[in-house]
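Student: File name upload_26.cif; file contents mmCIF, C-alpha atoms and all ligand atoms; full text below.
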```
data_work
#
loop_
_atom_site.label_atom_id
_atom_site.label_comp_id
_atom_site.auth_asym_id
_atom_site.auth_seq_id
_atom_site.Cartn_x
_atom_site.Cartn_y
_atom_site.Cartn_z
CA MET U 1 18.20 -14.27 22.10
CA ALA U 2 19.46 -10.79 22.87
CA ALA U 3 22.06 -11.11 20.16
CA VAL U 4 19.47 -12.13 17.58
CA LEU U 5 17.16 -9.27 18.55
CA ARG U 6 20.04 -6.84 18.45
CA LYS U 7 20.87 -7.94 14.93
CA LEU U 8 17.26 -7.57 13.89
CA ILE U 9 16.84 -4.08 15.25
CA GLN U 10 20.10 -2.93 13.82
CA GLY U 11 18.83 -4.02 10.45
CA ARG U 12 21.73 -6.43 10.08
CA LEU U 13 19.60 -9.17 8.63
CA PRO U 14 22.35 -10.84 6.68
CA ALA U 15 23.87 -11.53 10.09
CA LEU U 16 20.62 -13.10 11.28
CA ALA U 17 20.50 -15.16 8.14
CA GLY U 18 24.00 -16.27 8.97
CA VAL U 19 22.78 -17.45 12.37
CA LEU U 20 19.92 -19.36 10.78
CA CYS U 21 22.28 -20.70 8.19
CA ARG U 22 24.67 -22.11 10.73
CA ARG U 23 21.80 -23.77 12.52
CA SER U 24 20.78 -25.57 9.39
CA GLY U 25 24.21 -27.05 8.85
CA ASN U 26 24.84 -28.30 5.34
CA GLU U 27 21.23 -28.15 4.30
CA GLY U 28 21.50 -24.50 3.32
CA HIS U 29 18.47 -22.35 2.66
CA LEU U 30 15.41 -23.03 0.65
CA PHE U 31 14.64 -20.32 -1.88
CA LEU U 32 10.98 -20.26 -2.76
CA ASN U 33 9.62 -18.27 -5.63
CA SER U 34 6.08 -17.09 -6.16
CA SER U 35 5.24 -19.99 -8.39
CA GLY U 36 5.94 -22.18 -5.40
CA SER U 37 8.99 -23.98 -6.70
CA THR U 38 11.85 -24.27 -4.27
CA LEU U 39 15.53 -24.21 -5.02
CA MET U 40 18.00 -25.66 -2.60
CA GLN U 41 21.03 -23.52 -2.07
CA PRO U 42 24.01 -25.83 -2.04
CA ARG U 43 25.87 -23.69 0.45
CA CYS U 44 25.23 -21.04 3.05
CA GLY U 45 25.11 -17.36 2.17
CA TYR U 46 23.24 -15.09 -0.16
CA SER U 47 22.94 -15.24 -3.85
CA SER U 48 21.99 -12.10 -5.78
CA PRO U 49 18.34 -11.37 -5.10
CA THR U 50 16.27 -11.36 -8.26
CA GLU U 51 12.78 -12.00 -6.86
CA SER U 52 10.49 -9.25 -5.62
CA VAL U 53 9.91 -11.28 -2.46
CA ILE U 54 12.93 -13.28 -1.42
CA VAL U 55 12.15 -16.16 0.88
CA GLU U 56 14.82 -17.92 2.85
CA MET U 57 13.46 -20.86 4.72
CA ASP U 58 15.48 -22.26 7.55
CA LYS U 59 14.54 -25.89 7.72
CA ALA U 60 15.97 -26.44 11.18
CA THR U 61 13.80 -23.80 12.85
CA GLY U 62 10.86 -23.59 10.45
CA VAL U 63 11.33 -19.82 10.30
CA ALA U 64 11.00 -18.16 6.90
CA LEU U 65 12.73 -14.85 6.28
CA LEU U 66 10.77 -12.80 3.73
CA LYS U 67 12.55 -9.84 2.20
CA LEU U 68 10.71 -7.31 0.07
CA ASN U 69 12.97 -6.58 -2.82
CA ILE U 70 11.62 -3.93 -5.17
CA PRO U 71 14.03 -1.00 -5.21
CA PRO U 72 14.04 1.88 -4.84
CA VAL U 73 11.37 1.92 -2.09
CA ASN U 74 9.44 -1.39 -2.01
CA SER U 75 6.24 0.37 -2.98
CA LEU U 76 3.31 -2.00 -2.85
CA SER U 77 2.37 -2.35 -6.49
CA LEU U 78 -0.19 -4.84 -7.76
CA PRO U 79 2.51 -7.30 -8.91
CA LEU U 80 4.32 -7.09 -5.55
CA LEU U 81 1.10 -7.53 -3.56
CA THR U 82 0.17 -10.48 -5.76
CA GLU U 83 3.55 -12.13 -5.35
CA LEU U 84 3.49 -11.58 -1.60
CA ALA U 85 0.02 -13.13 -1.38
CA ILE U 86 1.18 -16.21 -3.28
CA VAL U 87 4.26 -16.58 -1.09
CA LEU U 88 2.16 -16.26 2.09
CA ASP U 89 -0.21 -18.93 0.80
CA LYS U 90 2.67 -21.29 0.05
CA LEU U 91 4.18 -20.80 3.50
CA GLU U 92 0.81 -21.28 5.15
CA MET U 93 0.50 -24.64 3.42
CA ASP U 94 4.07 -25.68 4.21
CA LYS U 95 3.80 -27.95 7.21
CA HIS U 96 7.45 -27.33 8.10
CA CYS U 97 6.97 -23.58 8.39
CA ARG U 98 6.17 -22.30 11.89
CA GLY U 99 6.84 -18.63 11.63
CA LEU U 100 7.97 -15.82 9.39
CA ILE U 101 9.93 -12.62 9.65
CA LEU U 102 8.94 -9.91 7.20
CA THR U 103 11.65 -7.44 6.34
CA SER U 104 13.23 -5.55 3.46
CA ALA U 105 16.16 -6.22 1.20
CA VAL U 106 16.26 -2.53 0.23
CA PRO U 107 18.62 -0.48 2.41
CA ASN U 108 16.89 2.07 4.67
CA ILE U 109 13.38 1.36 3.39
CA PHE U 110 10.95 -1.21 4.74
CA SER U 111 8.16 -0.14 2.37
CA ALA U 112 6.96 3.21 0.99
CA GLY U 113 3.38 2.00 1.14
CA LEU U 114 0.98 1.66 -1.72
CA ASN U 115 2.38 2.33 -5.13
CA LEU U 116 1.14 5.79 -5.99
CA PHE U 117 1.12 4.99 -9.70
CA ASP U 118 -1.34 2.16 -9.09
CA MET U 119 -3.73 4.78 -7.75
CA MET U 120 -3.80 7.25 -10.63
CA ASP U 121 -4.75 7.36 -14.30
CA LYS U 122 -6.04 3.81 -14.25
CA PRO U 123 -9.40 2.33 -15.24
CA ASN U 124 -11.87 1.58 -12.45
CA GLU U 125 -11.29 -2.17 -12.84
CA HIS U 126 -7.66 -1.64 -11.92
CA TYR U 127 -8.60 0.22 -8.73
CA SER U 128 -10.94 -2.62 -7.74
CA GLU U 129 -8.27 -5.22 -8.35
CA PHE U 130 -5.62 -3.18 -6.59
CA TRP U 131 -7.70 -2.50 -3.50
CA ARG U 132 -8.73 -6.15 -3.33
CA ALA U 133 -5.03 -7.09 -3.40
CA VAL U 134 -4.30 -4.61 -0.57
CA GLN U 135 -7.05 -6.03 1.60
CA GLU U 136 -6.01 -9.57 0.78
CA ILE U 137 -2.52 -8.92 2.14
CA TRP U 138 -3.64 -7.59 5.49
CA ILE U 139 -6.13 -10.43 5.85
CA LYS U 140 -3.50 -13.04 4.97
CA LEU U 141 -0.84 -11.54 7.24
CA TYR U 142 -3.09 -10.78 10.17
CA GLY U 143 -5.02 -14.02 9.77
CA SER U 144 -1.94 -16.17 9.29
CA SER U 145 -1.70 -19.21 11.52
CA LEU U 146 2.07 -18.70 11.49
CA ALA U 147 3.80 -16.59 14.08
CA ASN U 148 4.95 -13.50 12.25
CA ILE U 149 7.26 -10.65 13.11
CA ALA U 150 7.94 -7.47 11.15
CA ALA U 151 11.61 -6.52 11.29
CA ILE U 152 11.28 -2.89 10.21
CA ASN U 153 14.72 -2.05 8.95
CA GLY U 154 13.85 1.26 7.31
CA SER U 155 11.16 3.86 6.72
CA SER U 156 7.66 2.51 6.62
CA PRO U 157 5.01 5.11 5.81
CA ALA U 158 1.32 4.50 5.09
CA GLY U 159 0.82 1.05 3.55
CA GLY U 160 4.26 0.08 4.86
CA CYS U 161 2.96 0.83 8.33
CA LEU U 162 -0.06 -1.33 7.51
CA LEU U 163 2.20 -4.28 6.71
CA ALA U 164 3.93 -3.87 10.04
CA LEU U 165 0.64 -3.57 11.94
CA CYS U 166 -0.62 -6.81 10.41
CA SER U 167 2.24 -8.73 11.99
CA ASP U 168 2.02 -10.26 15.43
CA TYR U 169 4.94 -8.21 16.67
CA ARG U 170 7.15 -5.41 15.39
CA ILE U 171 10.80 -4.62 15.93
CA MET U 172 12.04 -1.40 14.37
CA ALA U 173 15.59 -0.27 13.81
CA ASN U 174 16.51 2.56 16.14
CA ASN U 175 17.41 5.15 13.52
CA PRO U 176 16.10 8.74 13.70
CA HIS U 177 15.94 8.87 9.90
CA PHE U 178 13.45 6.01 9.71
CA THR U 179 9.83 7.13 9.78
CA ILE U 180 6.64 5.17 10.26
CA GLY U 181 2.98 6.20 10.37
CA LEU U 182 0.02 7.29 8.32
CA ASN U 183 1.33 10.26 6.35
CA GLU U 184 -1.72 10.14 4.07
CA THR U 185 -3.90 11.56 6.84
CA ARG U 186 -2.29 14.92 6.04
CA LEU U 187 -4.17 14.77 2.77
CA GLY U 188 -7.43 14.06 4.56
CA ILE U 189 -7.44 10.37 3.63
CA VAL U 190 -9.14 8.50 6.46
CA ALA U 191 -8.00 4.97 7.21
CA PRO U 192 -10.72 2.31 7.24
CA PHE U 193 -12.09 0.97 10.56
CA TRP U 194 -9.98 -2.17 10.48
CA TYR U 195 -6.84 -0.03 10.48
CA ASP U 196 -7.98 1.44 13.76
CA ILE U 197 -8.35 -2.05 15.22
CA LEU U 198 -4.83 -2.95 14.15
CA GLN U 199 -3.45 0.21 15.72
CA TRP U 200 -5.39 -0.28 18.90
CA ARG U 201 -3.99 -3.79 19.29
CA VAL U 202 -0.45 -2.44 19.03
CA HIS U 203 -1.05 0.23 21.66
CA HIS U 204 -2.59 -2.16 24.17
CA PRO U 205 -0.47 -5.28 24.17
CA PRO U 206 -0.87 -7.64 27.12
CA PRO U 207 2.31 -7.91 29.20
CA CYS U 208 2.69 -11.54 28.20
CA LEU U 209 3.04 -10.65 24.52
CA HIS U 210 6.74 -10.14 24.99
CA LEU U 211 6.89 -13.64 26.32
CA PHE U 212 5.32 -14.89 23.14
CA VAL U 213 8.10 -13.22 21.19
CA MET U 214 10.69 -14.63 23.54
CA ALA U 215 9.37 -18.07 22.85
CA LEU U 216 9.57 -17.40 19.13
CA VAL U 217 13.11 -16.23 19.38
CA PHE U 218 13.98 -19.16 21.58
CA ARG U 219 12.87 -21.37 18.73
CA LEU U 220 15.78 -20.02 16.79
CA HIS U 221 18.05 -21.33 19.48
CA VAL U 222 17.86 -24.96 18.59
CA HIS U 223 21.15 -25.40 20.40
CA HIS U 224 19.29 -24.83 23.67
CA PRO U 225 16.20 -27.01 23.40
CA SER U 226 16.08 -27.68 27.13
CA ALA U 227 16.01 -23.96 27.95
CA MET U 228 13.23 -23.49 25.46
CA THR U 229 11.23 -26.35 26.90
CA LYS U 230 11.64 -24.97 30.43
CA VAL U 231 10.47 -21.51 29.44
CA THR U 232 7.48 -22.68 27.44
CA ARG U 233 6.42 -25.07 30.24
CA ALA U 234 6.82 -22.50 32.99
CA TYR U 235 4.81 -19.89 31.12
CA SER U 236 2.43 -22.09 29.18
CA THR U 237 -0.68 -20.19 30.32
CA GLU U 238 0.82 -16.81 29.48
CA LEU U 239 1.94 -18.10 26.11
CA LYS U 240 -1.53 -19.34 25.30
CA ILE U 241 -2.98 -15.94 26.22
CA SER U 242 -0.39 -14.19 24.04
CA VAL U 243 -1.02 -16.45 21.09
CA SER U 244 -4.79 -16.02 21.34
CA TYR U 245 -4.27 -12.27 21.67
CA VAL U 246 -2.24 -11.85 18.50
CA LYS U 247 -4.41 -14.32 16.63
CA GLN U 248 -7.75 -12.93 17.75
CA PRO U 249 -10.31 -12.56 14.99
CA ILE U 250 -10.92 -9.00 13.92
CA ASN U 251 -14.34 -7.66 14.57
CA TRP U 252 -15.74 -4.73 16.41
CA ARG U 253 -16.88 -6.96 19.21
CA SER U 254 -13.47 -8.27 20.19
CA HIS U 255 -12.17 -4.74 19.78
CA GLU U 256 -14.77 -3.53 22.29
CA ILE U 257 -14.04 -6.35 24.71
CA TYR U 258 -10.37 -5.46 24.90
CA LYS U 259 -11.18 -1.78 25.23
C1 LIG U 301 -5.46 5.58 -0.66
C2 LIG U 301 -5.73 4.65 0.45
C3 LIG U 301 -6.83 5.13 1.27
C4 LIG U 301 -7.18 4.68 2.44
C5 LIG U 301 -6.60 3.52 3.04
C6 LIG U 301 -6.04 3.81 4.37
C7 LIG U 301 -5.48 2.90 5.08
C8 LIG U 301 -5.25 1.60 4.56
C9 LIG U 301 -3.88 1.22 4.74
C10 LIG U 301 -2.88 1.75 4.10
C11 LIG U 301 -3.03 2.68 3.03
C12 LIG U 301 -2.04 3.43 2.71
C13 LIG U 301 -2.10 4.40 1.60
C14 LIG U 301 -0.73 4.50 0.97
O1 LIG U 301 0.14 3.72 1.22
S1 LIG U 301 -0.52 5.76 -0.12
C15 LIG U 301 1.24 5.78 -0.35
C16 LIG U 301 1.77 6.70 0.63
N1 LIG U 301 3.21 6.62 0.63
C17 LIG U 301 3.93 7.68 0.68
O2 LIG U 301 3.43 8.79 0.68
C18 LIG U 301 5.42 7.46 0.73
C19 LIG U 301 6.08 8.51 -0.05
N2 LIG U 301 7.49 8.24 -0.10
C20 LIG U 301 8.35 8.68 0.84
O3 LIG U 301 8.00 9.22 1.86
C21 LIG U 301 9.79 8.49 0.52
O4 LIG U 301 9.90 8.14 -0.82
C22 LIG U 301 10.47 7.40 1.38
C23 LIG U 301 10.61 7.88 2.83
C24 LIG U 301 9.73 6.06 1.34
C25 LIG U 301 11.91 7.16 0.79
O5 LIG U 301 12.58 8.39 0.72
P1 LIG U 301 13.92 8.49 -0.18
O6 LIG U 301 14.41 9.88 -0.03
O7 LIG U 301 14.83 7.40 0.17
O8 LIG U 301 13.45 8.18 -1.67
P2 LIG U 301 12.68 9.17 -2.67
O9 LIG U 301 13.69 9.90 -3.47
O10 LIG U 301 11.65 9.95 -1.97
O11 LIG U 301 11.95 8.10 -3.61
C26 LIG U 301 12.68 7.28 -4.51
C27 LIG U 301 11.79 6.96 -5.68
O12 LIG U 301 10.68 6.18 -5.23
C28 LIG U 301 9.47 6.80 -5.65
N3 LIG U 301 8.43 6.54 -4.65
C29 LIG U 301 8.43 6.85 -3.36
N4 LIG U 301 7.32 6.42 -2.75
C30 LIG U 301 6.57 5.85 -3.71
C31 LIG U 301 5.29 5.22 -3.70
N5 LIG U 301 4.54 5.10 -2.57
N6 LIG U 301 4.81 4.76 -4.84
C32 LIG U 301 5.52 4.85 -5.99
N7 LIG U 301 6.77 5.43 -6.05
C33 LIG U 301 7.26 5.91 -4.93
C34 LIG U 301 9.82 8.26 -5.72
O13 LIG U 301 8.92 8.93 -6.54
C35 LIG U 301 11.20 8.20 -6.33
O14 LIG U 301 11.08 7.92 -7.69
P3 LIG U 301 12.01 8.64 -8.76
O15 LIG U 301 13.39 8.26 -8.40
O16 LIG U 301 11.76 10.11 -8.59
O17 LIG U 301 11.55 8.11 -10.06
#
```
How does this structure look as structure tokens?

Tutor:
Amino acid sequence: MAAVLRKLIQGRLPALAGVLCRRSGNEGHLFLNSSGSTLMQPRCGYSSPTESVIVEMDKATGVALLKLNIPPVNSLSLPLLTELAIVLDKLEMDKHCRGLILTSAVPNIFSAGLNLFDMMDKPNEHYSEFWRAVQEIWIKLYGSSLANIAAINGSSPAGGCLLALCSDYRIMANNPHFTIGLNETRLGIVAPFWYDILQWRVHHPPPCLHLFVMALVFRLHVHHPSAMTKVTRAYSTELKISVSYVKQPINWRSHEIYK
């Protein structure tokens, strides 16, 4: 587990993919595009990414690795948000998928947040559509029945931070050059109330949340099923609390209760 986490936080995701790949033996990875079609990779390893959201599904663990892939900065444009929404829907409906890891294929950048060009010189209809797409993503990610982790392997300002906050758990690469937060507040732009709820949840995690993540990571270790069973049995109550915590419905009431 420690080795997998270390690879995640060092941003060495190809290495993680290698781990997943070995676990899946000769089956290779499933590549799923936004139209929902899947392509079996005949062998382990990466092919050149061409999709804006690359999905590598490990069949053995049911964990999907999602990599945002719009250089130079993975800005959240309408097409990217739309593709991500479609991919999340497909994974949600895939009965073999149990969890997802959201990360970036672009070196040093997780996501630069909303695409600034989608927010200027456009007709009002575009702004409506764009904002609807933004809200749809946080609802889909936060409301996902899948366990989801953000592996933040680069800078993640503004909307990038939102993506991370929507996940059940975040692991960020320990690099002083990587920034995360709401830089738009410097311009006087106030985040909506639901952003505050997301932030609050991150700052007040129950102690057992880490256990939830441990259990997730243990799932990757299909070579040690007995260890996984022991842990999940021993801490079944704590795990249930953690799962209900990260999957709690968003409303002011639950926010107040946890306050
Ligand atoms: C308006 C919403 C109101 C309320 C809602 C509030 C909360 C809801 C939740 C989230 C809402 C978030 C709002 C936003 O996300 S607004 C977007 C804010 N994002 C930023 O300000 C990021 C700005 N970018 C950076 O800080 C840096 O680019 C970087 C740290 C991500 C990367 O730095 P680099 O030095 O590696 O790269 P650069 O040379 O700066 O950039 C390369 C290239 O990319 C273009 N670019 C950067 N960011 C964006 C972007 N967000 N949209 C479009 N394009 C972007 C940049 O211009 C460069 O392009 P050129 O090479 O010059 O062509």

Student: Counting all atoms listed in the file, which of U:Ile171, U:Ala234, U:Ile180, U:Leu116 gets nearest to ligand LIG 301 (chain U)?

Tutor: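 Once distances to ligand LIG 301 (chain U) are computed over all atoms listed in the file, the minimum belongs to U:Leu116.
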
Student: Counting only C-alpha atoms and all ligand atoms, which protein, DNA or RNA residues come within 7 Å of ligand LIG 301 (chain U), given as a ChimeraX atom specification?

Tutor: /U:72-73,75,109,111-117,155-160,162,183-184,189-192,195

Student: So which one's closest to Ile54 in chain U, U:Ser104, U:Asn74, U:Asn175, U:Ser167? Using all atoms listed in the file, please.

Tutor: U:Ser104

Student: Go through U:Val106, U:Val53, U:Lys59, U:Ala64 and flag the residue nearest Leu84 in chain U, using all atoms listed in the file for the distances.

Tutor: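 Under the stated criterion, the closest residue is U:Val53.
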
Student: Produce the centre coordinates and the three edge lengths, each in Å to one decimal, of the box along x, y and z that contains all listed atoms of range 84-100 of chain U with 3 Å added on each side, as lines of an AutoDock Vina configuration file.

Tutor:
```
center_x = 3.9
center_y = -19.8
center_z = 4.3
size_x = 14.2
size_y = 22.4
size_z = 21.2
```

Student: Take CA of Ala133 in chain U and CA of Leu163 in chain U and report the distance between them in Å, one decimal.

Tutor: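 Between CA of Ala133 in chain U and CA of Leu163 in chain U the gap is 12.7 Å.
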
Student: Taking into account all atoms listed in the file, which residue in the set U:Asn108, U:Asp118, U:Leu80, U:Leu68 is nearest to His177 in chain U?

Tutor: U:Asn108

Student: I'd like the interatomic distance between CA of His126 in chain U and CA of Ile86 in chain U, to a tenth of an Å.

Tutor: 19.1 Å

Student: To one decimal place, how far is CA of Val55 in chain U from CA of Ala151 in chain U in Å?

Tutor: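 One can read the CA of Val55 in chain U to CA of Ala151 in chain U distance as 14.2 Å.
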
Student: When you count all atoms listed in the file, which of these residues is closest to Leu66 in chain U: U:Ser244, U:Thr82, U:Asn124, U:Asn148?

Tutor: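 Of all the options, U:Asn148 lies closest to Leu66 in chain U.
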
Student: Using all atoms listed in the file, which of U:Ile149, U:Val243, U:Ile101, U:Leu81 sits nearest Tyr169 in chain U?

Tutor: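 Answer, going by the shortest atom-to-atom distance: U:Ile149.
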
Student: Generate the coordinates of N, CA and C atoms for range 136-164 of chain U; report them as a PDB file, keeping the file's coordinate frame.

Tutor:
```pdb
ATOM      1  N   GLU U 136      -6.378  -8.167   0.681  1.00  0.00           N
ATOM      2  CA  GLU U 136      -6.010  -9.570   0.780  1.00  0.00           C
ATOM      3  C   GLU U 136      -4.723  -9.738   1.600  1.00  0.00           C
ATOM      4  N   ILE U 137      -3.796  -8.810   1.411  1.00  0.00           N
ATOM      5  CA  ILE U 137      -2.520  -8.920   2.140  1.00  0.00           C
ATOM      6  C   ILE U 137      -2.739  -8.759   3.635  1.00  0.00           C
ATOM      7  N   TRP U 138      -3.503  -7.754   4.030  1.00  0.00           N
ATOM      8  CA  TRP U 138      -3.640  -7.590   5.490  1.00  0.00           C
ATOM      9  C   TRP U 138      -4.413  -8.754   6.088  1.00  0.00           C
ATOM     10  N   ILE U 139      -5.378  -9.286   5.331  1.00  0.00           N
ATOM     11  CA  ILE U 139      -6.130 -10.430   5.850  1.00  0.00           C
ATOM     12  C   ILE U 139      -5.204 -11.650   5.958  1.00  0.00           C
ATOM     13  N   LYS U 140      -4.390 -11.869   4.940  1.00  0.00           N
ATOM     14  CA  LYS U 140      -3.500 -13.040   4.970  1.00  0.00           C
ATOM     15  C   LYS U 140      -2.453 -12.913   6.075  1.00  0.00           C
ATOM     16  N   LEU U 141      -1.880 -11.713   6.225  1.00  0.00           N
ATOM     17  CA  LEU U 141      -0.840 -11.540   7.240  1.00  0.00           C
ATOM     18  C   LEU U 141      -1.431 -11.594   8.641  1.00  0.00           C
ATOM     19  N   TYR U 142      -2.489 -10.815   8.839  1.00  0.00           N
ATOM     20  CA  TYR U 142      -3.090 -10.780  10.170  1.00  0.00           C
ATOM     21  C   TYR U 142      -3.704 -12.139  10.518  1.00  0.00           C
ATOM     22  N   GLY U 143      -4.318 -12.763   9.520  1.00  0.00           N
ATOM     23  CA  GLY U 143      -5.020 -14.020   9.770  1.00  0.00           C
ATOM     24  C   GLY U 143      -4.124 -15.238   9.696  1.00  0.00           C
ATOM     25  N   SER U 144      -2.837 -15.025   9.461  1.00  0.00           N
ATOM     26  CA  SER U 144      -1.940 -16.170   9.290  1.00  0.00           C
ATOM     27  C   SER U 144      -1.879 -17.024  10.555  1.00  0.00           C
ATOM     28  N   SER U 145      -1.839 -18.330  10.354  1.00  0.00           N
ATOM     29  CA  SER U 145      -1.700 -19.210  11.520  1.00  0.00           C
ATOM     30  C   SER U 145      -0.244 -19.252  11.962  1.00  0.00           C
ATOM     31  N   LEU U 146       0.645 -18.714  11.145  1.00  0.00           N
ATOM     32  CA  LEU U 146       2.070 -18.700  11.490  1.00  0.00           C
ATOM     33  C   LEU U 146       2.355 -17.529  12.426  1.00  0.00           C
ATOM     34  N   ALA U 147       3.330 -17.728  13.284  1.00  0.00           N
ATOM     35  CA  ALA U 147       3.800 -16.590  14.080  1.00  0.00           C
ATOM     36  C   ALA U 147       4.537 -15.666  13.138  1.00  0.00           C
ATOM     37  N   ASN U 148       4.217 -14.369  13.174  1.00  0.00           N
ATOM     38  CA  ASN U 148       4.950 -13.500  12.250  1.00  0.00           C
ATOM     39  C   ASN U 148       5.404 -12.195  12.899  1.00  0.00           C
ATOM     40  N   ILE U 149       6.616 -11.839  12.554  1.00  0.00           N
ATOM     41  CA  ILE U 149       7.260 -10.650  13.110  1.00  0.00           C
ATOM     42  C   ILE U 149       7.666  -9.729  11.961  1.00  0.00           C
ATOM     43  N   ALA U 150       7.431  -8.430  12.129  1.00  0.00           N
ATOM     44  CA  ALA U 150       7.940  -7.470  11.150  1.00  0.00           C
ATOM     45  C   ALA U 150       9.252  -6.912  11.683  1.00  0.00           C
ATOM     46  N   ALA U 151      10.304  -7.108  10.940  1.00  0.00           N
ATOM     47  CA  ALA U 151      11.610  -6.520  11.290  1.00  0.00           C
ATOM     48  C   ALA U 151      11.758  -5.279  10.416  1.00  0.00           C
ATOM     49  N   ILE U 152      11.409  -4.126  10.998  1.00  0.00           N
ATOM     50  CA  ILE U 152      11.280  -2.890  10.210  1.00  0.00           C
ATOM     51  C   ILE U 152      12.643  -2.218  10.131  1.00  0.00           C
ATOM     52  N   ASN U 153      13.330  -2.509   9.058  1.00  0.00           N
ATOM     53  CA  ASN U 153      14.720  -2.050   8.950  1.00  0.00           C
ATOM     54  C   ASN U 153      14.840  -0.819   8.059  1.00  0.00           C
ATOM     55  N   GLY U 154      13.798   0.029   8.092  1.00  0.00           N
ATOM     56  CA  GLY U 154      13.850   1.260   7.310  1.00  0.00           C
ATOM     57  C   GLY U 154      12.528   1.998   7.416  1.00  0.00           C
ATOM     58  N   SER U 155      12.399   3.077   6.649  1.00  0.00           N
ATOM     59  CA  SER U 155      11.160   3.860   6.720  1.00  0.00           C
ATOM     60  C   SER U 155       9.976   3.027   6.258  1.00  0.00           C
ATOM     61  N   SER U 156       8.820   3.358   6.847  1.00  0.00           N
ATOM     62  CA  SER U 156       7.660   2.510   6.620  1.00  0.00           C
ATOM     63  C   SER U 156       6.365   3.326   6.682  1.00  0.00           C
ATOM     64  N   PRO U 157       6.217   4.283   5.746  1.00  0.00           N
ATOM     65  CA  PRO U 157       5.010   5.110   5.810  1.00  0.00           C
ATOM     66  C   PRO U 157       3.785   4.395   5.242  1.00  0.00           C
ATOM     67  N   ALA U 158       2.614   4.867   5.677  1.00  0.00           N
ATOM     68  CA  ALA U 158       1.320   4.500   5.090  1.00  0.00           C
ATOM     69  C   ALA U 158       1.128   2.982   4.964  1.00  0.00           C
ATOM     70  N   GLY U 159       1.034   2.483   3.739  1.00  0.00           N
ATOM     71  CA  GLY U 159       0.820   1.050   3.550  1.00  0.00           C
ATOM     72  C   GLY U 159       1.961   0.208   4.113  1.00  0.00           C
ATOM     73  N   GLY U 160       3.142   0.787   4.227  1.00  0.00           N
ATOM     74  CA  GLY U 160       4.260   0.080   4.860  1.00  0.00           C
ATOM     75  C   GLY U 160       3.968  -0.127   6.337  1.00  0.00           C
ATOM     76  N   CYS U 161       3.367   0.907   6.925  1.00  0.00           N
ATOM     77  CA  CYS U 161       2.960   0.830   8.330  1.00  0.00           C
ATOM     78  C   CYS U 161       1.861  -0.245   8.483  1.00  0.00           C
ATOM     79  N   LEU U 162       0.991  -0.309   7.480  1.00  0.00           N
ATOM     80  CA  LEU U 162      -0.060  -1.330   7.510  1.00  0.00           C
ATOM     81  C   LEU U 162       0.551  -2.733   7.554  1.00  0.00           C
ATOM     82  N   LEU U 163       1.550  -2.963   6.719  1.00  0.00           N
ATOM     83  CA  LEU U 163       2.200  -4.280   6.710  1.00  0.00           C
ATOM     84  C   LEU U 163       2.707  -4.633   8.103  1.00  0.00           C
ATOM     85  N   ALA U 164       3.361  -3.631   8.714  1.00  0.00           N
ATOM     86  CA  ALA U 164       3.930  -3.870  10.040  1.00  0.00           C
ATOM     87  C   ALA U 164       2.825  -4.147  11.064  1.00  0.00           C
TER      88      ALA U 164
END
```
